[in-house]
Amino acid sequence: MSEREARRSGYPLTIPDRLLHSEDMKRACRRRDFGEIFRLVNRRVPASYAAIAAAVTKMTSARVGDVIRGDRGIRSVAVMERIADGLGIPGHMLDLPERPWEGTPSPAAAVQNQAYAPSSPDSLNEPPPLPAAGAISGLPIVHVDPSNSADADALPEIVLVSVYVDGREQIVPINRRALLGHAVGVAVQGSGPLRAVNASAEVVSPKPARPHRLPAGRGEAAIEHFRDMWHTLVRADNLFGPRHALAGVHQQLDMLQGLLEDSRGEHRQELLKLSAQYAESAAWLHEDSMDVTSAETWTSRAMEWAMEAGDEAMLSWTLFRRSQLAAGKKNAGQAIGLAQAVQRHERALTHPMKAAAIQQEAQGLALDGDEVACHRKLDEAHEFAAIAESSGDARSGHGDFCTSSYIEIQRANCWLNLSRPDRAVSTFQTALAELPDVYQRDRGFAQARLAMAYVGIQEYEQAAAEAAAVLDMARGSGSGRTLQEAVTAVNALAAASNVPAVRDLLDAVKENAGF
């Protein structure tokens, strides 16, 4: 271990000497090319976007991705200093003053070291605080050595760990690389277990070189490629979840943005429409991955491109996406208002798009506690529903997921939000039986919500069975929404640990953290 690395033993992330002294890193530092610096750390340490963001502090994994892709830059000296301190880059390499950790640590650096320092061997043996009544007991806190490759390789991609939140023991899903980057504390900030852990950042690959122009006669072929690829990625999302589609969407967006720089006239209009289409997809995939910040960013970009292209249908659809985000934040008024705004663009909407907007308004009404108006809207949505034989690749346009079975799943969700789990259970069961097989991600989310409905009516064996079925699927798909719902159901079952099926589920989680 070098002297520099020894001084930084308490920091969460330190660039190893072999990378720090490489010509690539020296060149990037001389140019203050923070996109390249982050890319090198991401690929050669390797450290995830989430781990880099946690080390730098006051930065999200979404912003790390933006910097790597060249969508955002770093101009603030204060941020540059945080990057130097977070990654262990000596000040002179970035034309900054000597950093506190390079010599005698300043009081502030000592405090930061203490905050990041791992627990001492003695502290590991101290008993944890007693859990509140009904808490899950016996689940281990996971301790791993990031420098030990055997430890790292033994962990699954998503680890379920036991942590104390407000004095109560809770199961929380943690991304493996975030765990190795000492980012467990970040994971439990906020009210949602996945709010600060960006699962989607782990599947966004560094961007390839962007094309800037196409040879004469190749424009139409390229546009056709982007259209076909979008349908393929939509189908992949429906079948397998965001982890299997998000990287592809970002790759296509990188190419589209490169082509836009030199495009003009009608060709630019087509590229703008496609860019908006992919950006809206990125927004949804990030939302499903519980990366709300990125979802909001890509929704705004989709709206901007759609506006420039004069694409009224896409402009309306971005309002639908914003309504979904508002509903996710339990902002009933905004969810209702935005869904109504979509419907005012009636001439631009297909019937399935209209059905999607109407049922979205119903979800806002359920959050607002208006049961009668909510179900009237759901009945109205059925009049415009997409055909049930949908292939799941949106060939018929946006909203083709909004089949009759999908609307009934949303009705069940509304019953749950209206505190009627008894009605939710029967509605979920009927709707799931009719849901086309291609919508496996929607099926998983509905099953997780069904588990919560069973908890609500104290049918704990059925709740445990549904939660167990969903956990592994959610972990593999990257659907943070589904994983959060499943984990919420597991935690809700803790009070019924005397039921054998529940005990079996809790034991399975205890024995296999990546269950």
# chains A, B, ... in the order shown; residues from 1 in each chain; ligands from 1

call {"tool": "residues_around", "arguments": {"residues": "Asp95 of chain A", "least_positions_apart": "6", "cutoff": "9 Å", "atoms": "only C-alpha atoms", "output": "PDB file with N, CA, C and O atoms, in the first residue's frame"}}
result
ATOM      1  N   CYS A  29      -6.807  14.341 -16.193  1.00  0.00           N
ATOM      2  CA  CYS A  29      -6.693  15.324 -15.118  1.00  0.00           C
ATOM      3  C   CYS A  29      -6.153  16.650 -15.642  1.00  0.00           C
ATOM      4  O   CYS A  29      -6.629  17.720 -15.250  1.00  0.00           O
ATOM      5  N   ARG A  30      -5.135  16.590 -16.525  1.00  0.00           N
ATOM      6  CA  ARG A  30      -4.590  17.834 -17.080  1.00  0.00           C
ATOM      7  C   ARG A  30      -5.676  18.634 -17.787  1.00  0.00           C
ATOM      8  O   ARG A  30      -5.720  19.856 -17.721  1.00  0.00           O
ATOM      9  N   ARG A  32      -8.817  18.427 -17.119  1.00  0.00           N
ATOM     10  CA  ARG A  32     -10.004  18.483 -16.258  1.00  0.00           C
ATOM     11  C   ARG A  32     -11.207  17.872 -16.971  1.00  0.00           C
ATOM     12  O   ARG A  32     -12.326  18.396 -16.926  1.00  0.00           O
TER      13      ARG A  32
END

call {"tool": "closest_atom_pairs", "arguments": {"of": "segment 239-263 of chain A", "to": "segment 441-465 of chain A", "cutoff": "8 Å", "atoms": "only C-alpha atoms", "output": "tab-separated table"}}
result
residue	atom	partner	partner_atom	distance
A:Leu239	CA	A:Arg441	CA	6.3
A:Phe240	CA	A:Arg441	CA	6.5
A:Gly241	CA	A:Arg441	CA	5.6

call {"tool": "residues_around", "arguments": {"residues": "Leu471 of chain A", "least_positions_apart": "2", "cutoff": "8 Å", "atoms": "only C-alpha atoms", "output": "list in words"}}
result
Ala467, Ala468, Ala469, Met473, Ala474, Arg475, Leu483, Ala486, Val487 and Phe515 of chain A

call {"tool": "residues_around", "arguments": {"residues": "segment 220-233 of chain A", "least_positions_apart": "3", "cutoff": "9 Å", "atoms": "only C-alpha atoms", "output": "list in words"}}
result
Leu214, Gly217, Ala236, Asp237, Asn238, His244, Ala245, Leu246, Gly248, Val249, Gln252, Leu256, His267, Glu270, Leu271, Leu274, Gln277, Tyr278, Ser281, Gly392, Asp393, Ala394 and Arg395 of chain A

call {"tool": "closest_residue", "arguments": {"among": "A:Thr403, A:Ser263, A:Gln360, A:Ser316", "to": "Ala348 of chain A", "atoms": "only C-alpha atoms"}}
result
A:Ser316

call {"tool": "residues_around", "arguments": {"residues": "Gly35 of chain A", "least_positions_apart": "6", "cutoff": "10 Å", "atoms": "only C-alpha atoms", "output": "ChimeraX atom specification"}}
result
/A:28,64-74,206

call {"tool": "atom_distance", "arguments": {"atom1": "atom CA of Arg243 of chain A", "atom2": "atom CA of Arg411 of chain A"}}
result
27.2 Å

call {"tool": "atom_distance", "arguments": {"atom1": "atom CA of Arg7 of chain A", "atom2": "atom CA of Ala55 of chain A"}}
result
15.7 Å

call {"tool": "residues_around", "arguments": {"residues": "Ile387 of chain A", "least_positions_apart": "4", "cutoff": "9 Å", "atoms": "only C-alpha atoms", "output": "list in words"}}
result
Pro352, Asp400, Phe401, Cys402, Thr403 and Ser404 of chain A

call {"tool": "residues_around", "arguments": {"residues": "segment 298-312 of chain A", "least_positions_apart": "3", "cutoff": "8 Å", "atoms": "only C-alpha atoms", "output": "ChimeraX atom specification"}}
result
/A:269-270,272-273,275-280,282-283,294-295,315-316,318,321-322,345,348

call {"tool": "write_last_selection", "arguments": {"atoms": "all heavy atoms", "output": "compact mmCIF listing (two decimals), in the first residue's frame"}}
result
# COMPACT_ATOMS: atom_id res chain seq x y z
N GLN A 269 -35.97 16.51 -38.30
CA GLN A 269 -37.28 16.33 -37.68
C GLN A 269 -37.50 14.87 -37.31
O GLN A 269 -38.01 14.56 -36.22
CB GLN A 269 -38.39 16.79 -38.64
CG GLN A 269 -38.42 18.29 -38.90
CD GLN A 269 -38.67 19.09 -37.64
OE1 GLN A 269 -37.76 19.67 -37.07
NE2 GLN A 269 -39.91 19.10 -37.18
N GLU A 270 -37.14 13.96 -38.22
CA GLU A 270 -37.31 12.54 -37.93
C GLU A 270 -36.42 12.10 -36.77
O GLU A 270 -36.83 11.33 -35.90
CB GLU A 270 -37.01 11.70 -39.18
CG GLU A 270 -38.04 11.84 -40.27
CD GLU A 270 -39.44 11.42 -39.79
OE1 GLU A 270 -39.54 10.38 -39.10
OE2 GLU A 270 -40.41 12.12 -40.10
N LEU A 272 -35.32 14.00 -34.37
CA LEU A 272 -35.86 14.59 -33.14
C LEU A 272 -37.01 13.74 -32.59
O LEU A 272 -37.11 13.50 -31.38
CB LEU A 272 -36.35 16.01 -33.41
CG LEU A 272 -35.29 17.11 -33.48
CD1 LEU A 272 -35.89 18.38 -34.06
CD2 LEU A 272 -34.68 17.37 -32.11
N LYS A 273 -37.89 13.30 -33.47
CA LYS A 273 -39.01 12.46 -33.02
C LYS A 273 -38.50 11.16 -32.40
O LYS A 273 -39.00 10.71 -31.36
CB LYS A 273 -39.93 12.15 -34.20
CG LYS A 273 -40.74 13.35 -34.69
CD LYS A 273 -41.62 12.97 -35.87
CE LYS A 273 -42.41 14.17 -36.39
NZ LYS A 273 -43.26 13.81 -37.54
N SER A 275 -35.51 10.69 -31.09
CA SER A 275 -34.81 11.03 -29.84
C SER A 275 -35.81 11.19 -28.71
O SER A 275 -35.58 10.71 -27.58
CB SER A 275 -34.00 12.31 -30.02
OG SER A 275 -32.97 12.14 -30.97
N ALA A 276 -36.92 11.88 -28.98
CA ALA A 276 -37.96 12.05 -27.96
C ALA A 276 -38.54 10.70 -27.55
O ALA A 276 -38.79 10.45 -26.36
CB ALA A 276 -39.06 12.96 -28.49
N GLN A 277 -38.73 9.83 -28.52
CA GLN A 277 -39.29 8.50 -28.25
C GLN A 277 -38.37 7.69 -27.35
O GLN A 277 -38.81 7.07 -26.37
CB GLN A 277 -39.50 7.78 -29.59
CG GLN A 277 -40.33 6.52 -29.51
CD GLN A 277 -40.68 6.02 -30.91
OE1 GLN A 277 -40.47 6.69 -31.91
NE2 GLN A 277 -41.21 4.83 -30.99
N TYR A 278 -37.07 7.70 -27.66
CA TYR A 278 -36.11 6.96 -26.84
C TYR A 278 -35.95 7.61 -25.47
O TYR A 278 -35.79 6.92 -24.45
CB TYR A 278 -34.75 6.89 -27.54
CG TYR A 278 -34.63 5.73 -28.50
CD1 TYR A 278 -34.90 5.87 -29.85
CD2 TYR A 278 -34.23 4.47 -28.05
CE1 TYR A 278 -34.77 4.82 -30.74
CE2 TYR A 278 -34.10 3.40 -28.92
CZ TYR A 278 -34.38 3.57 -30.27
OH TYR A 278 -34.25 2.51 -31.12
N ALA A 279 -35.97 8.95 -25.41
CA ALA A 279 -35.84 9.63 -24.13
C ALA A 279 -37.01 9.30 -23.21
O ALA A 279 -36.84 9.11 -22.00
CB ALA A 279 -35.73 11.14 -24.34
N GLU A 280 -38.21 9.23 -23.78
CA GLU A 280 -39.38 8.87 -22.97
C GLU A 280 -39.23 7.44 -22.45
O GLU A 280 -39.59 7.15 -21.30
CB GLU A 280 -40.65 9.02 -23.82
CG GLU A 280 -41.93 8.77 -23.07
CD GLU A 280 -42.30 7.30 -22.99
OE1 GLU A 280 -41.96 6.55 -23.94
OE2 GLU A 280 -42.91 6.89 -21.98
N ALA A 282 -36.37 5.94 -21.87
CA ALA A 282 -35.36 6.01 -20.82
C ALA A 282 -35.98 6.50 -19.52
O ALA A 282 -35.67 6.00 -18.43
CB ALA A 282 -34.21 6.93 -21.24
N ALA A 283 -36.88 7.48 -19.62
CA ALA A 283 -37.56 8.00 -18.43
C ALA A 283 -38.32 6.89 -17.71
O ALA A 283 -38.23 6.73 -16.48
CB ALA A 283 -38.50 9.14 -18.81
N SER A 294 -33.22 10.65 -12.66
CA SER A 294 -32.97 10.43 -14.08
C SER A 294 -34.28 10.36 -14.86
O SER A 294 -34.34 10.81 -16.01
CB SER A 294 -32.17 9.14 -14.29
OG SER A 294 -30.86 9.28 -13.78
N ALA A 295 -35.31 9.78 -14.26
CA ALA A 295 -36.61 9.72 -14.94
C ALA A 295 -37.12 11.12 -15.25
O ALA A 295 -37.62 11.39 -16.35
CB ALA A 295 -37.61 8.96 -14.08
N LEU A 315 -45.55 14.88 -27.14
CA LEU A 315 -45.65 15.93 -26.14
C LEU A 315 -46.71 15.55 -25.10
O LEU A 315 -46.51 15.71 -23.89
CB LEU A 315 -46.00 17.25 -26.81
CG LEU A 315 -45.72 18.54 -26.04
CD1 LEU A 315 -44.26 18.65 -25.65
CD2 LEU A 315 -46.14 19.74 -26.89
N SER A 316 -47.83 15.03 -25.58
CA SER A 316 -48.89 14.59 -24.67
C SER A 316 -48.42 13.42 -23.81
O SER A 316 -48.72 13.34 -22.61
CB SER A 316 -50.13 14.16 -25.48
OG SER A 316 -50.60 15.22 -26.28
N THR A 318 -45.42 12.74 -22.81
CA THR A 318 -44.51 13.15 -21.74
C THR A 318 -45.29 13.70 -20.55
O THR A 318 -44.85 13.56 -19.41
CB THR A 318 -43.50 14.20 -22.23
OG1 THR A 318 -44.20 15.35 -22.73
CG2 THR A 318 -42.60 13.65 -23.32
N ARG A 321 -46.22 10.70 -18.64
CA ARG A 321 -45.10 10.20 -17.84
C ARG A 321 -44.92 11.05 -16.57
O ARG A 321 -44.65 10.54 -15.49
CB ARG A 321 -43.83 10.24 -18.69
CG ARG A 321 -42.63 9.60 -18.03
CD ARG A 321 -42.82 8.13 -17.78
NE ARG A 321 -42.92 7.36 -19.01
CZ ARG A 321 -43.65 6.27 -19.14
NH1 ARG A 321 -44.37 5.82 -18.13
NH2 ARG A 321 -43.68 5.62 -20.29
N ARG A 322 -45.10 12.37 -16.72
CA ARG A 322 -44.98 13.23 -15.54
C ARG A 322 -46.09 12.94 -14.52
O ARG A 322 -45.88 13.03 -13.31
CB ARG A 322 -45.01 14.69 -15.96
CG ARG A 322 -43.71 15.14 -16.60
CD ARG A 322 -43.65 16.65 -16.77
NE ARG A 322 -42.31 17.09 -17.14
CZ ARG A 322 -41.97 18.35 -17.32
NH1 ARG A 322 -42.87 19.32 -17.17
NH2 ARG A 322 -40.73 18.67 -17.64
N HIS A 345 -55.46 16.96 -25.25
CA HIS A 345 -54.82 16.85 -26.56
C HIS A 345 -55.48 15.72 -27.37
O HIS A 345 -54.80 14.95 -28.04
CB HIS A 345 -53.32 16.56 -26.40
CG HIS A 345 -52.55 17.69 -25.81
ND1 HIS A 345 -51.73 18.50 -26.55
CD2 HIS A 345 -52.47 18.15 -24.53
CE1 HIS A 345 -51.17 19.40 -25.76
NE2 HIS A 345 -51.60 19.21 -24.54
N ALA A 348 -54.52 14.27 -30.84
CA ALA A 348 -53.21 13.62 -31.00
C ALA A 348 -53.17 12.23 -30.38
O ALA A 348 -52.18 11.52 -30.53
CB ALA A 348 -52.11 14.48 -30.38

call {"tool": "closest_residue", "arguments": {"among": "A:Leu40, A:Trp101, A:Asp24, A:Thr293", "to": "Glu5 of chain A", "atoms": "only C-alpha atoms"}}
result
A:Trp101

call {"tool": "decode", "arguments": {"residues": "segment 365-499 of chain A", "atoms": "C-alpha atoms", "output": "PDB file, in the first residue's frame"}}
result
ATOM      1  CA  LEU A 365     -58.313  10.126  -7.638  1.00  0.00           C
ATOM      2  CA  ALA A 366     -57.657   7.019  -5.545  1.00  0.00           C
ATOM      3  CA  LEU A 367     -54.715   8.766  -3.879  1.00  0.00           C
ATOM      4  CA  ASP A 368     -57.122  11.642  -3.211  1.00  0.00           C
ATOM      5  CA  GLY A 369     -59.602   9.245  -1.574  1.00  0.00           C
ATOM      6  CA  ASP A 370     -62.357   9.785  -4.162  1.00  0.00           C
ATOM      7  CA  GLU A 371     -63.574   6.207  -4.594  1.00  0.00           C
ATOM      8  CA  VAL A 372     -66.632   6.896  -6.748  1.00  0.00           C
ATOM      9  CA  ALA A 373     -64.899   9.171  -9.262  1.00  0.00           C
ATOM     10  CA  CYS A 374     -61.913   6.800  -9.399  1.00  0.00           C
ATOM     11  CA  HIS A 375     -63.966   3.789 -10.480  1.00  0.00           C
ATOM     12  CA  ARG A 376     -66.037   5.819 -12.927  1.00  0.00           C
ATOM     13  CA  LYS A 377     -62.807   6.782 -14.674  1.00  0.00           C
ATOM     14  CA  LEU A 378     -61.596   3.187 -14.751  1.00  0.00           C
ATOM     15  CA  ASP A 379     -64.905   2.148 -16.344  1.00  0.00           C
ATOM     16  CA  GLU A 380     -64.451   4.929 -18.910  1.00  0.00           C
ATOM     17  CA  ALA A 381     -60.904   3.774 -19.676  1.00  0.00           C
ATOM     18  CA  HIS A 382     -62.231   0.351 -20.718  1.00  0.00           C
ATOM     19  CA  GLU A 383     -64.033   2.010 -23.646  1.00  0.00           C
ATOM     20  CA  PHE A 384     -60.651   2.863 -25.220  1.00  0.00           C
ATOM     21  CA  ALA A 385     -58.524  -0.087 -24.050  1.00  0.00           C
ATOM     22  CA  ALA A 386     -55.912  -1.687 -26.310  1.00  0.00           C
ATOM     23  CA  ILE A 387     -56.568  -5.142 -27.722  1.00  0.00           C
ATOM     24  CA  ALA A 388     -55.531  -8.001 -25.467  1.00  0.00           C
ATOM     25  CA  GLU A 389     -53.469  -9.680 -28.200  1.00  0.00           C
ATOM     26  CA  SER A 390     -50.771  -7.001 -27.952  1.00  0.00           C
ATOM     27  CA  SER A 391     -47.296  -8.309 -28.739  1.00  0.00           C
ATOM     28  CA  GLY A 392     -45.771  -6.052 -26.109  1.00  0.00           C
ATOM     29  CA  ASP A 393     -43.520  -4.139 -28.515  1.00  0.00           C
ATOM     30  CA  ALA A 394     -45.744  -1.051 -28.960  1.00  0.00           C
ATOM     31  CA  ARG A 395     -46.168  -1.643 -32.708  1.00  0.00           C
ATOM     32  CA  SER A 396     -49.579   0.003 -32.478  1.00  0.00           C
ATOM     33  CA  GLY A 397     -48.155   3.031 -30.679  1.00  0.00           C
ATOM     34  CA  HIS A 398     -47.839   4.359 -27.170  1.00  0.00           C
ATOM     35  CA  GLY A 399     -50.370   3.041 -24.697  1.00  0.00           C
ATOM     36  CA  ASP A 400     -50.792  -0.373 -26.293  1.00  0.00           C
ATOM     37  CA  PHE A 401     -49.969  -1.901 -22.890  1.00  0.00           C
ATOM     38  CA  CYS A 402     -53.232  -0.441 -21.593  1.00  0.00           C
ATOM     39  CA  THR A 403     -55.365  -3.540 -22.165  1.00  0.00           C
ATOM     40  CA  SER A 404     -58.498  -4.386 -20.203  1.00  0.00           C
ATOM     41  CA  SER A 405     -56.473  -6.624 -17.876  1.00  0.00           C
ATOM     42  CA  TYR A 406     -53.979  -3.800 -17.263  1.00  0.00           C
ATOM     43  CA  ILE A 407     -56.835  -1.429 -16.355  1.00  0.00           C
ATOM     44  CA  GLU A 408     -58.182  -3.996 -13.901  1.00  0.00           C
ATOM     45  CA  ILE A 409     -54.730  -4.333 -12.322  1.00  0.00           C
ATOM     46  CA  GLN A 410     -54.810  -0.569 -11.834  1.00  0.00           C
ATOM     47  CA  ARG A 411     -58.303  -0.914 -10.334  1.00  0.00           C
ATOM     48  CA  ALA A 412     -56.861  -3.364  -7.834  1.00  0.00           C
ATOM     49  CA  ASN A 413     -54.057  -0.899  -7.054  1.00  0.00           C
ATOM     50  CA  CYS A 414     -56.691   1.773  -6.510  1.00  0.00           C
ATOM     51  CA  TRP A 415     -58.602  -0.487  -4.104  1.00  0.00           C
ATOM     52  CA  LEU A 416     -55.367  -0.934  -2.163  1.00  0.00           C
ATOM     53  CA  ASN A 417     -54.739   2.830  -2.079  1.00  0.00           C
ATOM     54  CA  LEU A 418     -58.346   3.295  -0.947  1.00  0.00           C
ATOM     55  CA  SER A 419     -57.649   0.952   2.015  1.00  0.00           C
ATOM     56  CA  ARG A 420     -59.851  -1.831   0.634  1.00  0.00           C
ATOM     57  CA  PRO A 421     -57.457  -4.804   0.460  1.00  0.00           C
ATOM     58  CA  ASP A 422     -60.392  -7.233   0.394  1.00  0.00           C
ATOM     59  CA  ARG A 423     -61.591  -5.831  -2.929  1.00  0.00           C
ATOM     60  CA  ALA A 424     -58.002  -5.579  -4.177  1.00  0.00           C
ATOM     61  CA  VAL A 425     -57.315  -9.307  -3.713  1.00  0.00           C
ATOM     62  CA  SER A 426     -60.165 -10.559  -5.884  1.00  0.00           C
ATOM     63  CA  THR A 427     -59.521  -7.908  -8.546  1.00  0.00           C
ATOM     64  CA  PHE A 428     -55.795  -8.734  -8.729  1.00  0.00           C
ATOM     65  CA  GLN A 429     -56.550 -12.451  -9.051  1.00  0.00           C
ATOM     66  CA  THR A 430     -58.957 -11.971 -11.959  1.00  0.00           C
ATOM     67  CA  ALA A 431     -56.763  -9.461 -13.794  1.00  0.00           C
ATOM     68  CA  LEU A 432     -53.589 -11.547 -13.461  1.00  0.00           C
ATOM     69  CA  ALA A 433     -55.349 -14.548 -14.991  1.00  0.00           C
ATOM     70  CA  GLU A 434     -56.124 -12.453 -18.087  1.00  0.00           C
ATOM     71  CA  LEU A 435     -52.800 -10.576 -18.422  1.00  0.00           C
ATOM     72  CA  PRO A 436     -50.944 -11.496 -21.660  1.00  0.00           C
ATOM     73  CA  ASP A 437     -47.779 -13.516 -21.047  1.00  0.00           C
ATOM     74  CA  VAL A 438     -45.551 -10.891 -22.670  1.00  0.00           C
ATOM     75  CA  TYR A 439     -46.100  -8.488 -19.752  1.00  0.00           C
ATOM     76  CA  GLN A 440     -43.992 -10.370 -17.223  1.00  0.00           C
ATOM     77  CA  ARG A 441     -42.695  -7.215 -15.540  1.00  0.00           C
ATOM     78  CA  ASP A 442     -46.264  -5.965 -14.956  1.00  0.00           C
ATOM     79  CA  ARG A 443     -47.182  -9.419 -13.658  1.00  0.00           C
ATOM     80  CA  GLY A 444     -44.397  -9.280 -11.086  1.00  0.00           C
ATOM     81  CA  PHE A 445     -45.393  -5.833  -9.848  1.00  0.00           C
ATOM     82  CA  ALA A 446     -49.041  -6.888  -9.570  1.00  0.00           C
ATOM     83  CA  GLN A 447     -48.042 -10.009  -7.606  1.00  0.00           C
ATOM     84  CA  ALA A 448     -46.032  -7.881  -5.186  1.00  0.00           C
ATOM     85  CA  ARG A 449     -49.035  -5.623  -4.661  1.00  0.00           C
ATOM     86  CA  LEU A 450     -51.245  -8.704  -4.261  1.00  0.00           C
ATOM     87  CA  ALA A 451     -48.924  -9.845  -1.453  1.00  0.00           C
ATOM     88  CA  MET A 452     -49.570  -6.528   0.293  1.00  0.00           C
ATOM     89  CA  ALA A 453     -53.315  -6.953  -0.205  1.00  0.00           C
ATOM     90  CA  TYR A 454     -53.154 -10.410   1.393  1.00  0.00           C
ATOM     91  CA  VAL A 455     -51.311  -8.893   4.366  1.00  0.00           C
ATOM     92  CA  GLY A 456     -54.123  -6.358   4.627  1.00  0.00           C
ATOM     93  CA  ILE A 457     -56.727  -9.089   5.058  1.00  0.00           C
ATOM     94  CA  GLN A 458     -54.394 -11.162   7.296  1.00  0.00           C
ATOM     95  CA  GLU A 459     -54.064 -14.017   4.817  1.00  0.00           C
ATOM     96  CA  TYR A 460     -50.408 -14.423   5.703  1.00  0.00           C
ATOM     97  CA  GLU A 461     -49.689 -17.756   3.992  1.00  0.00           C
ATOM     98  CA  GLN A 462     -50.883 -16.446   0.622  1.00  0.00           C
ATOM     99  CA  ALA A 463     -48.957 -13.206   1.183  1.00  0.00           C
ATOM    100  CA  ALA A 464     -45.752 -15.135   1.857  1.00  0.00           C
ATOM    101  CA  ALA A 465     -46.235 -17.274  -1.247  1.00  0.00           C
ATOM    102  CA  GLU A 466     -46.709 -14.236  -3.496  1.00  0.00           C
ATOM    103  CA  ALA A 467     -43.765 -12.367  -1.962  1.00  0.00           C
ATOM    104  CA  ALA A 468     -41.469 -15.368  -2.352  1.00  0.00           C
ATOM    105  CA  ALA A 469     -42.448 -15.756  -6.003  1.00  0.00           C
ATOM    106  CA  VAL A 470     -41.741 -12.108  -6.747  1.00  0.00           C
ATOM    107  CA  LEU A 471     -38.448 -11.495  -4.910  1.00  0.00           C
ATOM    108  CA  ASP A 472     -36.167 -13.446  -7.212  1.00  0.00           C
ATOM    109  CA  MET A 473     -37.882 -12.182 -10.363  1.00  0.00           C
ATOM    110  CA  ALA A 474     -37.588  -8.573  -9.205  1.00  0.00           C
ATOM    111  CA  ARG A 475     -33.912  -8.958  -8.377  1.00  0.00           C
ATOM    112  CA  GLY A 476     -33.145 -10.448 -11.780  1.00  0.00           C
ATOM    113  CA  SER A 477     -35.145  -7.928 -13.804  1.00  0.00           C
ATOM    114  CA  GLY A 478     -33.853  -4.749 -12.202  1.00  0.00           C
ATOM    115  CA  SER A 479     -37.390  -3.510 -11.538  1.00  0.00           C
ATOM    116  CA  GLY A 480     -36.818  -1.461  -8.416  1.00  0.00           C
ATOM    117  CA  ARG A 481     -40.527  -0.705  -8.061  1.00  0.00           C
ATOM    118  CA  THR A 482     -41.321  -4.414  -7.927  1.00  0.00           C
ATOM    119  CA  LEU A 483     -38.451  -5.169  -5.567  1.00  0.00           C
ATOM    120  CA  GLN A 484     -39.498  -2.369  -3.237  1.00  0.00           C
ATOM    121  CA  GLU A 485     -43.091  -3.629  -3.160  1.00  0.00           C
ATOM    122  CA  ALA A 486     -41.924  -7.194  -2.475  1.00  0.00           C
ATOM    123  CA  VAL A 487     -39.598  -6.095   0.322  1.00  0.00           C
ATOM    124  CA  THR A 488     -42.375  -3.940   1.810  1.00  0.00           C
ATOM    125  CA  ALA A 489     -44.569  -7.040   1.892  1.00  0.00           C
ATOM    126  CA  VAL A 490     -41.830  -9.088   3.573  1.00  0.00           C
ATOM    127  CA  ASN A 491     -41.400  -6.423   6.251  1.00  0.00           C
ATOM    128  CA  ALA A 492     -45.169  -6.211   6.733  1.00  0.00           C
ATOM    129  CA  LEU A 493     -45.211  -9.976   7.338  1.00  0.00           C
ATOM    130  CA  ALA A 494     -42.734  -9.708  10.223  1.00  0.00           C
ATOM    131  CA  ALA A 495     -45.559  -9.452  12.775  1.00  0.00           C
ATOM    132  CA  ALA A 496     -46.849 -12.856  11.613  1.00  0.00           C
ATOM    133  CA  SER A 497     -43.564 -14.750  11.947  1.00  0.00           C
ATOM    134  CA  ASN A 498     -45.357 -17.471  13.913  1.00  0.00           C
ATOM    135  CA  VAL A 499     -47.101 -18.571  10.682  1.00  0.00           C
TER     136      VAL A 499
END
